[in-house]
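Quick look at entry.cif (mmCIF, C-alpha atoms):
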data_model
#
loop_
_atom_site.label_atom_id
_atom_site.label_comp_id
_atom_site.auth_asym_id
_atom_site.auth_seq_id
_atom_site.Cartn_x
_atom_site.Cartn_y
_atom_site.Cartn_z
CA ALA I 1 -30.81 -2.77 9.03
CA ASP I 2 -30.41 0.56 10.77
CA GLY I 3 -26.70 1.26 10.39
CA SER I 4 -25.62 4.88 10.42
CA CYS I 5 -22.39 6.83 10.03
CA GLN I 6 -21.77 7.94 13.60
CA THR I 7 -18.74 7.84 15.83
CA ARG I 8 -18.11 4.89 18.11
CA PRO I 9 -14.98 3.92 20.02
CA GLY I 10 -12.52 1.98 17.90
CA VAL I 11 -8.88 0.99 17.67
CA ARG I 12 -6.79 3.07 15.29
CA LEU I 13 -4.02 1.29 13.48
CA ASP I 14 -0.55 2.79 13.73
CA LEU I 15 -0.54 3.18 9.95
CA ILE I 16 -3.33 5.72 9.87
CA GLU I 17 -1.06 8.76 9.80
CA GLN I 18 0.83 7.38 6.82
CA TYR I 19 -2.41 6.75 4.96
CA ARG I 20 -3.67 10.23 5.83
CA GLU I 21 -0.59 11.72 4.23
CA MET I 22 -1.00 9.49 1.15
CA HIS I 23 -4.61 10.66 0.92
CA ARG I 24 -3.40 14.26 0.97
CA GLN I 25 -1.12 13.36 -1.93
CA GLY I 26 -4.18 12.41 -3.97
CA LYS I 27 -4.19 8.63 -3.56
CA PHE I 28 -7.09 6.31 -2.70
CA ARG I 29 -9.90 8.03 -4.60
CA GLY I 30 -11.98 4.85 -4.58
CA PHE I 31 -12.00 4.05 -8.28
CA SER I 32 -10.58 0.55 -7.81
CA ALA I 33 -14.10 -0.43 -6.70
CA LEU I 34 -15.63 0.38 -10.10
CA PRO I 35 -15.13 -3.06 -11.71
CA HIS I 36 -17.16 -4.58 -8.89
CA ALA I 37 -20.27 -2.41 -9.35
CA GLY I 38 -22.16 -5.05 -11.29
CA ALA I 39 -21.47 -7.92 -8.88
CA ILE I 40 -22.33 -5.77 -5.88
CA GLY I 41 -25.49 -4.58 -7.60
CA GLN I 42 -26.62 -8.18 -8.09
CA LEU I 43 -26.25 -8.82 -4.37
CA VAL I 44 -28.08 -5.60 -3.53
CA LYS I 45 -31.04 -6.60 -5.68
CA LYS I 46 -31.00 -10.26 -4.59
CA HIS I 47 -31.18 -9.31 -0.90
CA LYS I 48 -33.32 -6.19 -1.40
CA ALA I 49 -30.67 -4.25 0.47
CA LYS I 50 -31.41 -0.66 1.44
CA SER I 51 -28.23 0.22 3.34
CA ILE I 52 -24.65 -0.42 2.21
CA LEU I 53 -21.43 0.17 4.13
CA ASP I 54 -18.31 0.64 2.03
CA TYR I 55 -15.61 -0.25 4.55
CA GLY I 56 -12.33 1.31 3.42
CA SER I 57 -14.00 3.43 0.77
CA GLY I 58 -11.13 5.81 0.15
CA LYS I 59 -12.38 9.29 -0.72
CA GLY I 60 -15.64 7.81 -1.99
CA HIS I 61 -15.35 9.26 -5.48
CA GLN I 62 -16.70 6.01 -6.91
CA TYR I 63 -20.04 7.27 -5.62
CA SER I 64 -19.78 11.07 -5.61
CA GLU I 65 -18.14 11.38 -9.03
CA MET I 66 -18.89 8.12 -10.87
CA GLY I 67 -22.28 7.24 -9.37
CA MET I 68 -21.33 3.59 -9.03
CA HIS I 69 -24.41 2.93 -6.91
CA LYS I 70 -27.04 4.54 -9.14
CA SER I 71 -28.03 1.30 -10.83
CA TRP I 72 -28.53 -0.42 -7.46
CA GLY I 73 -31.76 1.43 -6.71
CA GLN I 74 -32.78 4.96 -5.83
CA ASP I 75 -33.55 4.12 -2.21
CA VAL I 76 -30.17 2.47 -1.42
CA VAL I 77 -28.25 4.49 1.19
CA ILE I 78 -24.44 4.38 1.05
CA CYS I 79 -22.24 4.92 4.09
CA CYS I 80 -18.51 5.39 3.41
CA TYR I 81 -15.93 4.61 6.07
CA ASP I 82 -12.22 5.29 5.75
CA PRO I 83 -10.30 6.16 8.93
CA ALA I 84 -7.61 8.01 6.97
CA TRP I 85 -9.92 10.45 5.18
CA PRO I 86 -11.57 13.18 7.33
CA ALA I 87 -14.90 13.13 5.50
CA HIS I 88 -15.35 9.42 6.22
CA GLU I 89 -13.31 8.82 9.37
CA GLU I 90 -16.24 8.41 11.75
CA LYS I 91 -16.69 4.77 12.71
CA PRO I 92 -20.20 3.58 11.76
CA ILE I 93 -22.73 2.50 14.38
CA GLY I 94 -25.20 -0.30 13.85
CA ARG I 95 -25.36 -2.82 11.04
CA PHE I 96 -26.02 -2.65 7.30
CA ASP I 97 -27.86 -4.87 4.84
CA GLY I 98 -24.67 -5.18 2.80
CA VAL I 99 -20.98 -4.56 3.43
CA VAL I 100 -18.49 -3.87 0.63
CA CYS I 101 -14.75 -4.03 1.27
CA THR I 102 -12.56 -3.87 -1.84
CA ASP I 103 -8.76 -3.60 -1.89
CA VAL I 104 -8.52 -3.08 1.85
CA ALA I 105 -7.77 -6.32 3.70
CA GLU I 106 -4.31 -6.76 2.18
CA HIS I 107 -3.30 -3.36 3.58
CA ILE I 108 -3.82 -4.59 7.15
CA PRO I 109 -0.88 -6.11 9.10
CA GLU I 110 -1.30 -9.87 9.41
CA GLU I 111 -1.40 -9.74 13.20
CA ASN I 112 -4.49 -7.50 12.93
CA ILE I 113 -6.35 -9.47 10.25
CA GLY I 114 -8.52 -11.36 12.73
CA SER I 115 -9.83 -8.29 14.52
CA PHE I 116 -10.18 -6.44 11.19
CA LEU I 117 -12.31 -9.19 9.64
CA ASP I 118 -14.39 -9.50 12.81
CA ASP I 119 -15.14 -5.79 12.56
CA VAL I 120 -15.98 -5.81 8.84
CA ILE I 121 -18.13 -8.94 8.96
CA GLY I 122 -19.87 -7.79 12.12
CA TYR I 123 -21.52 -4.95 10.21
CA ALA I 124 -23.19 -7.26 7.65
CA VAL I 125 -26.80 -8.37 8.01
CA ARG I 126 -27.47 -9.94 4.59
CA PHE I 127 -24.32 -9.98 2.48
CA LEU I 128 -20.61 -9.28 2.41
CA TYR I 129 -18.57 -8.52 -0.73
CA MET I 130 -14.78 -8.44 -0.51
CA ASN I 131 -12.03 -8.10 -3.09
CA ILE I 132 -8.53 -9.01 -1.92
CA CYS I 133 -5.24 -8.80 -3.79
CA THR I 134 -2.85 -11.70 -3.20
CA ARG I 135 0.26 -10.05 -4.65
CA PRO I 136 2.55 -7.17 -3.60
CA ALA I 137 1.40 -3.66 -4.47
CA ARG I 138 3.09 -1.07 -6.64
CA LYS I 139 2.47 1.54 -3.96
CA ARG I 140 4.84 1.86 -1.01
CA LEU I 141 4.11 3.27 2.40
CA LEU I 142 5.94 6.36 3.52
CA ASP I 143 8.22 4.19 5.67
CA GLY I 144 9.27 2.19 2.60
CA ARG I 145 7.26 -0.97 3.18
CA ASN I 146 5.11 -2.44 0.45
CA ALA I 147 1.55 -1.15 0.86
CA HIS I 148 0.24 -4.71 0.92
CA LEU I 149 1.24 -5.74 4.42
CA THR I 150 -0.46 -9.13 4.21
CA VAL I 151 0.26 -11.09 1.04
CA ARG I 152 -1.33 -14.53 1.28
CA GLU I 153 -2.82 -17.09 -1.08
CA SER I 154 -6.56 -17.18 -1.69
CA ASP I 155 -7.01 -20.39 0.36
CA TRP I 156 -5.64 -18.64 3.43
CA TRP I 157 -8.00 -15.72 3.02
CA MET I 158 -10.90 -18.09 2.39
CA GLY I 159 -10.24 -19.82 5.70
CA GLN I 160 -10.01 -16.54 7.59
CA ILE I 161 -13.31 -15.29 6.18
CA GLN I 162 -15.24 -18.56 6.17
CA SER I 163 -14.62 -19.16 9.86
CA ARG I 164 -16.16 -15.80 10.75
CA VAL I 165 -19.16 -15.35 8.45
CA PRO I 166 -22.51 -16.26 10.06
CA ASP I 167 -24.70 -18.80 8.26
CA ASP I 168 -27.35 -16.18 7.49
CA VAL I 169 -24.92 -13.81 5.71
CA GLU I 170 -24.03 -14.46 2.08
CA ALA I 171 -20.33 -13.83 1.51
CA LEU I 172 -18.55 -13.40 -1.79
CA ALA I 173 -14.80 -12.82 -1.72
CA ARG I 174 -12.79 -12.34 -4.89
CA GLU I 175 -9.10 -12.61 -5.53
CA ASP I 176 -8.00 -9.55 -7.50
CA LEU I 177 -7.48 -10.04 -11.23
CA ALA I 178 -4.08 -10.38 -12.87
CA ALA I 179 -3.19 -9.32 -16.41
CA ALA I 180 -0.24 -9.77 -18.71
CA SER I 181 0.26 -6.08 -19.32
CA GLU I 182 -0.82 -2.76 -17.89
CA GLU I 183 -2.51 -1.82 -21.16
CA LYS I 184 -4.63 -4.97 -21.17
CA ALA I 185 -5.53 -4.49 -17.52
CA VAL I 186 -6.71 -0.93 -18.10
CA ALA I 187 -8.82 -1.98 -21.08
CA HIS I 188 -10.27 -4.94 -19.21
CA VAL I 189 -11.23 -3.09 -16.07
CA THR I 190 -12.65 -0.05 -17.83
CA ARG I 191 -14.87 -2.26 -19.99
CA ALA I 192 -16.11 -3.99 -16.86
CA ALA I 193 -16.73 -0.67 -15.13
CA ALA I 194 -18.49 0.74 -18.18
CA ALA I 195 -20.81 -2.24 -18.36
CA ALA I 196 -21.70 -1.90 -14.70
CA LEU I 197 -22.20 1.86 -14.96
CA LEU I 198 -23.93 1.82 -18.35
CA LEU I 199 -21.29 4.10 -19.88
CA ASP I 200 -19.46 4.10 -23.19
CA PRO I 201 -16.24 2.09 -22.58
CA MET I 202 -14.17 4.50 -24.68
CA GLU I 203 -15.51 7.46 -22.75
CA LEU I 204 -14.52 5.81 -19.48
CA LEU I 205 -11.12 4.74 -20.80
CA ALA I 206 -10.44 8.34 -21.78
CA ARG I 207 -10.65 9.37 -18.15
CA GLU I 208 -7.04 9.24 -17.05
CA ASP I 209 -7.91 8.98 -13.37
CA VAL I 210 -10.00 5.85 -13.91
CA ALA I 211 -7.41 4.31 -16.20
CA GLU I 212 -4.64 5.00 -13.71
CA ALA I 213 -6.65 3.46 -10.89
CA ALA I 214 -7.28 0.40 -13.02
CA ALA I 215 -3.62 -0.01 -13.81
CA ILE I 216 -2.61 0.35 -10.18
CA SER I 217 -5.27 -1.97 -8.80
CA LEU I 218 -4.84 -4.73 -11.35
CA SER I 219 -1.89 -5.11 -13.68
CA ALA I 220 0.79 -3.36 -11.69
CA ARG I 221 0.37 -5.97 -9.00
CA SER I 222 1.06 -8.80 -11.41
CA LYS I 223 4.44 -7.77 -12.81
CA GLY I 224 6.43 -10.78 -13.86
CA ARG I 225 3.47 -12.96 -14.83
CA SER I 226 3.67 -14.09 -18.41
CA GLN I 227 0.01 -14.86 -18.99
CA ALA I 228 -3.26 -13.32 -17.91
CA THR I 229 -5.29 -15.19 -15.33
CA PRO I 230 -9.02 -14.74 -14.79
CA GLY I 231 -10.62 -13.32 -11.68
CA GLN I 232 -11.30 -15.98 -9.11
CA ALA I 233 -14.15 -16.08 -6.66
CA LEU I 234 -13.29 -17.59 -3.31
CA GLU I 235 -16.06 -20.07 -2.63
CA LEU I 236 -17.25 -19.63 0.96
#

Would it be possible to restate this file's structure as structure tokens?
Amino acid sequence: ADGSCQTRPGVRLDLIEQYREMHRQGKFRGFSALPHAGAIGQLVKKHKAKSILDYGSGKGHQYSEMGMHKSWGQDVVICCYDPAWPAHEEKPIGRFDGVVCTDVAEHIPEENIGSFLDDVIGYAVRFLYMNICTRPARKRLLDGRNAHLTVRESDWWMGQIQSRVPDDVEALAREDLAAASEEKAVAHVTRAAAAALLLDPMELLAREDVAEAAAISLSARSKGRSQATPGQALEL
């Protein structure tokens, strides 16, 4: 695939300015993608992918600081797209061997989900990897709304994705994990990230920014649940 990070006409959501301001406040560094490095890497190797689009990548620090992609192969090219961050706001042109979209879909208003998924899936040539949270977020938008504008069960998301993915594209969508406590969630996700990145789990856990991202992306969304539940793949 010959996808490249270049500008093309696109529709900007009315939420972009709010997300730009949240970015300026230091949010959305991209670390919530770290627990998925291993699963994405398996798809990269299975499909011999050479180009990956991270759609909704945040600041992209999962690559620039943590090197999440290094175990995927030296010749794999990463393109980051995030319309609310200046360094990655240019809409990509072309298509990519693989498309990654983690912790993004639930931030889109439900009335825009169809066009959003069409856009994301349309970039994929060989595989699509999505992670979607099905619970309210801890973050709030600047206008006071919960940051997760579309909170739906996994079956609903499965139907939305399944109806759009071409037969020749492998799609793996995951419902975000839930944990009984923030402490357990941090430990769980940092161990997973360490395994994928070949790092010492304690060294990774000591990084407050990674631990905070883990807590936000996992356990804080599951307040009120009494027991931990495992991650669930949405079979497509």

Quiz prompt | Nearby residues (all atoms listed in the file) at most 12 Å from segment 149-160 of chain I, same-chain spacing under 5 positions excluded, as a PyMOL selection string | solution = chain I and resi 15+103-118+121+130-137+139-141+144+165+171-177+221+231-236

Selection export as an mmCIF file, keeping the file's coordinate frame, atoms kept: C-alpha atoms:
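In the end it all went to selection-v2.cif:
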data_model
loop_
_atom_site.group_PDB
_atom_site.id
_atom_site.type_symbol
_atom_site.label_atom_id
_atom_site.label_comp_id
_atom_site.auth_asym_id
_atom_site.auth_seq_id
_atom_site.Cartn_x
_atom_site.Cartn_y
_atom_site.Cartn_z
ATOM 1 C CA LEU I 15 -0.540 3.180 9.950
ATOM 2 C CA ASP I 103 -8.760 -3.600 -1.890
ATOM 3 C CA VAL I 104 -8.520 -3.080 1.850
ATOM 4 C CA ALA I 105 -7.770 -6.320 3.700
ATOM 5 C CA GLU I 106 -4.310 -6.760 2.180
ATOM 6 C CA HIS I 107 -3.300 -3.360 3.580
ATOM 7 C CA ILE I 108 -3.820 -4.590 7.150
ATOM 8 C CA PRO I 109 -0.880 -6.110 9.100
ATOM 9 C CA GLU I 110 -1.300 -9.870 9.410
ATOM 10 C CA GLU I 111 -1.400 -9.740 13.200
ATOM 11 C CA ASN I 112 -4.490 -7.500 12.930
ATOM 12 C CA ILE I 113 -6.350 -9.470 10.250
ATOM 13 C CA GLY I 114 -8.520 -11.360 12.730
ATOM 14 C CA SER I 115 -9.830 -8.290 14.520
ATOM 15 C CA PHE I 116 -10.180 -6.440 11.190
ATOM 16 C CA LEU I 117 -12.310 -9.190 9.640
ATOM 17 C CA ASP I 118 -14.390 -9.500 12.810
ATOM 18 C CA ILE I 121 -18.130 -8.940 8.960
ATOM 19 C CA MET I 130 -14.780 -8.440 -0.510
ATOM 20 C CA ASN I 131 -12.030 -8.100 -3.090
ATOM 21 C CA ILE I 132 -8.530 -9.010 -1.920
ATOM 22 C CA CYS I 133 -5.240 -8.800 -3.790
ATOM 23 C CA THR I 134 -2.850 -11.700 -3.200
ATOM 24 C CA ARG I 135 0.260 -10.050 -4.650
ATOM 25 C CA PRO I 136 2.550 -7.170 -3.600
ATOM 26 C CA ALA I 137 1.400 -3.660 -4.470
ATOM 27 C CA LYS I 139 2.470 1.540 -3.960
ATOM 28 C CA ARG I 140 4.840 1.860 -1.010
ATOM 29 C CA LEU I 141 4.110 3.270 2.400
ATOM 30 C CA GLY I 144 9.270 2.190 2.600
ATOM 31 C CA VAL I 165 -19.160 -15.350 8.450
ATOM 32 C CA ALA I 171 -20.330 -13.830 1.510
ATOM 33 C CA LEU I 172 -18.550 -13.400 -1.790
ATOM 34 C CA ALA I 173 -14.800 -12.820 -1.720
ATOM 35 C CA ARG I 174 -12.790 -12.340 -4.890
ATOM 36 C CA GLU I 175 -9.100 -12.610 -5.530
ATOM 37 C CA ASP I 176 -8.000 -9.550 -7.500
ATOM 38 C CA LEU I 177 -7.480 -10.040 -11.230
ATOM 39 C CA ARG I 221 0.370 -5.970 -9.000
ATOM 40 C CA GLY I 231 -10.620 -13.320 -11.680
ATOM 41 C CA GLN I 232 -11.300 -15.980 -9.110
ATOM 42 C CA ALA I 233 -14.150 -16.080 -6.660
ATOM 43 C CA LEU I 234 -13.290 -17.590 -3.310
ATOM 44 C CA GLU I 235 -16.060 -20.070 -2.630
ATOM 45 C CA LEU I 236 -17.250 -19.630 0.960
#

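For the pair atom CA of Asp54 of chain I and atom CA of Tyr81 of chain I, the interatomic distance is 6.1 Å.
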
Practice problem: Name the residues in contact with Phe127 of chain I at a cut-off of 9 Å, using all atoms listed in the file, excluding same-chain residues fewer than 5 positions from it; report them as a ChimeraX atom specification. | Solution: /I:43-44,47,49,96-100,168-172

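Taken over the whole file, the PyMOL selection byres ((chain I and resi 29) around 9) covers exactly His23, Gly26, Lys27, Phe28, Gly30, Phe31, Ser32, Ser57, Gly58, Lys59, Gly60, His61, Gln62 and Ala213 of chain I.
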
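If you look at atom CA of Ser71 of chain I and atom CA of Gln42 of chain I, they are 10.0 Å away from each other.
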
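Distance-wise, atom CA of Cys101 of chain I and atom CA of Ala33 of chain I end up 8.8 Å apart.
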
Applied to this file, what does the PyMOL selection byres ((chain I and resi 83-85) around 10) return in terms of residues, put as a PDB file with C-alpha atoms, keeping the file's coordinate frame?
ATOM      1  CA  ARG I  12      -6.790   3.070  15.290  1.00  0.00           C
ATOM      2  CA  LEU I  13      -4.020   1.290  13.480  1.00  0.00           C
ATOM      3  CA  LEU I  15      -0.540   3.180   9.950  1.00  0.00           C
ATOM      4  CA  ILE I  16      -3.330   5.720   9.870  1.00  0.00           C
ATOM      5  CA  GLU I  17      -1.060   8.760   9.800  1.00  0.00           C
ATOM      6  CA  GLN I  18       0.830   7.380   6.820  1.00  0.00           C
ATOM      7  CA  TYR I  19      -2.410   6.750   4.960  1.00  0.00           C
ATOM      8  CA  ARG I  20      -3.670  10.230   5.830  1.00  0.00           C
ATOM      9  CA  GLU I  21      -0.590  11.720   4.230  1.00  0.00           C
ATOM     10  CA  MET I  22      -1.000   9.490   1.150  1.00  0.00           C
ATOM     11  CA  HIS I  23      -4.610  10.660   0.920  1.00  0.00           C
ATOM     12  CA  ARG I  24      -3.400  14.260   0.970  1.00  0.00           C
ATOM     13  CA  PHE I  28      -7.090   6.310  -2.700  1.00  0.00           C
ATOM     14  CA  TYR I  55     -15.610  -0.250   4.550  1.00  0.00           C
ATOM     15  CA  GLY I  56     -12.330   1.310   3.420  1.00  0.00           C
ATOM     16  CA  SER I  57     -14.000   3.430   0.770  1.00  0.00           C
ATOM     17  CA  GLY I  58     -11.130   5.810   0.150  1.00  0.00           C
ATOM     18  CA  LYS I  59     -12.380   9.290  -0.720  1.00  0.00           C
ATOM     19  CA  GLY I  60     -15.640   7.810  -1.990  1.00  0.00           C
ATOM     20  CA  CYS I  80     -18.510   5.390   3.410  1.00  0.00           C
ATOM     21  CA  TYR I  81     -15.930   4.610   6.070  1.00  0.00           C
ATOM     22  CA  ASP I  82     -12.220   5.290   5.750  1.00  0.00           C
ATOM     23  CA  PRO I  86     -11.570  13.180   7.330  1.00  0.00           C
ATOM     24  CA  ALA I  87     -14.900  13.130   5.500  1.00  0.00           C
ATOM     25  CA  HIS I  88     -15.350   9.420   6.220  1.00  0.00           C
ATOM     26  CA  GLU I  89     -13.310   8.820   9.370  1.00  0.00           C
ATOM     27  CA  GLU I  90     -16.240   8.410  11.750  1.00  0.00           C
ATOM     28  CA  LYS I  91     -16.690   4.770  12.710  1.00  0.00           C
TER      29      LYS I  91
END

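Of the listed residues (I:Leu142, I:Val76, I:Lys70, I:Val125), I:Lys70 comes nearest to Gly38 of chain I; the distances count all atoms listed in the file.
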